[in-house]
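Undergrad: Below you'll find the structure I mean.
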Amino acid sequence: MALDLQDLSVTPKDATRPLFAPLRLRVTAAEVVTVMGPSGVGKSTLLDAIAGHLPPGFRLQGSVSLDGRDVTTLPAEARGIGVMFQDAVMFPHLSVGDNLAFGLTAAVKGRAARRKAVEAALDTAGLAGFYARDPATLSGGQRARAALMRTLLAAPKALLLDEPFSRLDASLRAEIRGFVFDHARARGLPVLLVTHDSEDAAAAAGPVVTL
């Protein structure tokens with residue numbers, strides 16, 4: 001499993017120059033590659049382009065391939081790429097368990113099987129018994145763990161991390177960072193991390209790309 005970017009660049013609609021130089025990069029299975037650079041250089045926009053969420057005001061050049069399959073023109077839901085953002089946003093009108101079930105792959109069929117899969121994910125996240133909980137009652141660390149489990153329940157083939165640790169207290173960052181990296185590596189996922197934090201990059205223990 002590998003995520004490949006071939007001469008990928010993004011240009012604002014009314015601009016003549018791309019946000020960053022064409023990027024050629026391979027992220028292999030269980031590897032975490034870190035992307036760093038100053039604010040405004042296009043780090044989050046790069047992830048949007050890879051995941052298929054690029055806004056209409058941008059032009060994409062180059063290609064994105066996953067496990068040897070070109071996904072550049074596919075809609076986001078068909079790419080098999082999971083994303084974690086700065087804010088672990090959860091639907092306030094749904095329970096914690098129903099939030100996770102929202103991300104569950106359609107390959108898991110039947111109410112009982114889907115409930116079992118979500119309960120197992122909650123247990124893995126240290127949230128056993130939280131199915132019926134209101135997401136507003138979760139701590140920052142609990143929300144981050146739940147958000148990762150929701151992403152993984154969709155069975156992605158690659159994972160993009162858009163500064164998912166930046167809103168956490170310093171005391172929690174190392175714990176949640178380790179939790180996310182360990183689970184991604186255990187599944188053999190190629191991971192691309194965007195961050196401003198050199199400690200995130202050091203913990204990723206992989207190549208660092210500067211835009």
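Simple scheme: letters A, B, ... for chains in structure tokens order, numbers from 1 for residues in each chain, numbers from 1 for ligands in the order shown.
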Might you pull out every residue within 7 Å of Thr28 (chain A), with only C-alpha atoms counted and same-chain residues fewer than 5 positions away left off, and present them as a VMD selection string?
TA: chain A and resid 1 to 3 190
Undergrad: With N, CA and C atoms retained, could you export that selection as a CSV table (one decimal), in the first residue's frame?
TA:
chain,number,residue,atom,x,y,z
A,1,MET,N,0.8,-1.2,0.0
A,1,MET,CA,0.0,0.0,0.0
A,1,MET,C,0.9,1.2,0.0
A,2,ALA,N,0.6,2.2,-0.9
A,2,ALA,CA,1.4,3.4,-1.0
A,2,ALA,C,0.5,4.5,-1.5
A,3,LEU,N,0.8,5.7,-1.1
A,3,LEU,CA,0.2,6.9,-1.6
A,3,LEU,C,1.2,7.7,-2.4
A,190,PRO,N,-0.5,4.3,4.8
A,190,PRO,CA,0.4,5.4,4.6
A,190,PRO,C,-0.2,6.7,5.2
Undergrad: Quick one: residues within 12 Å of Val27 (chain A), only C-alpha atoms, excluding same-chain residues fewer than 5 positions away - as an MDAnalysis selection string?
TA: chainID A and resid 1:6 32:35 64:67 157:160 188:193 206:209
Undergrad: Just the residues within 9 Å of Thr72 (chain A), please, counting only C-alpha atoms, with nothing from its chain fewer than 6 positions along; format it as a ChimeraX atom specification.
TA: /A:49-52,62-65,79
Undergrad: Find the residues near region 99-102 of chain A: any atom within 10 Å, counting only C-alpha atoms, skip ones fewer than 6 places away on the same chain, and give them as JSON, numbers by chain.
TA: {"A": [89, 90, 91, 92, 93, 114, 115, 117, 118, 119, 121, 122, 131, 134, 135, 146, 147, 148, 149, 150, 151, 152, 153, 154]}
Undergrad: Using DSSP on the backbone, list every residue of region 75-210 of chain A that comes out as alpha helix (DSSP H), and give them as a PyMOL selection string.
TA: chain A and resi 96-102+111-124+140-153+170-186+198-204
Undergrad: Which polymer residues have any atom within 10 Å of an atom of region 168-173 of chain A, counting only C-alpha atoms, with same-chain residues fewer than 5 positions away left out, as a list of chain:residue names?
TA: A:Gln86, A:Asp87, A:Ser139, A:Gly140, A:Gly141, A:Ala144, A:Gly178, A:Phe179, A:Glu199, A:Asp200
Undergrad: Report, in Å to a single decimal, how far apart CA of Ile176 (chain A) and CA of Gly126 (chain A) are.
TA: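 Going from CA of Gly126 (chain A) over to CA of Ile176 (chain A), I get 11.9 Å.
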Undergrad: Write out as a list in words the residues lying within 10 Å of Gly42 (chain A), counting only C-alpha atoms and excluding same-chain residues fewer than 4 positions away.
TA: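 Listing them by chain and then by number gives Ser9, Val10, Thr11, Pro18, Leu19, Phe20, Met36, Gly37, Pro38, Leu46, Leu47, Asp48 and Leu211 of chain A.
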Undergrad: Taking C-alpha atoms for each residue, export the selection above as a CSV table (one decimal), in the first residue's frame.
TA:
chain,number,residue,atom,x,y,z
A,9,SER,CA,0.6,21.4,-7.4
A,10,VAL,CA,-2.4,23.7,-6.7
A,11,THR,CA,-3.0,27.1,-8.2
A,18,PRO,CA,1.0,27.6,-7.9
A,19,LEU,CA,0.9,27.8,-4.1
A,20,PHE,CA,3.9,25.5,-3.9
A,36,MET,CA,5.7,21.6,7.2
A,37,GLY,CA,5.9,25.2,6.1
A,38,PRO,CA,4.8,28.7,6.9
A,46,LEU,CA,-2.5,20.1,-0.5
A,47,LEU,CA,-4.5,17.7,1.8
A,48,ASP,CA,-7.8,18.9,0.3
A,211,LEU,CA,6.6,23.5,1.3
Undergrad: To test your reading of the structure, identify every residue in chain A that backbone DSSP assigns to strand (DSSP E or B), and report it as an NGL selection string.
TA: :A and (2-12 or 23-28 or 32-36 or 58-66 or 69-70 or 81-84 or 158-162 or 191-194 or 208-210)
Undergrad: So the first atom is CA of Leu161 (chain A) and the second is CA of Glu175 (chain A); what is the distance between them in Å, to one decimal place?
TA: 15.7 Å
Undergrad: Write out as number ranges by chain which residues come within 9 Å of Gly57 (chain A) when counting only C-alpha atoms, dropping same-chain ones fewer than 4 positions away.
TA: A: 11-14
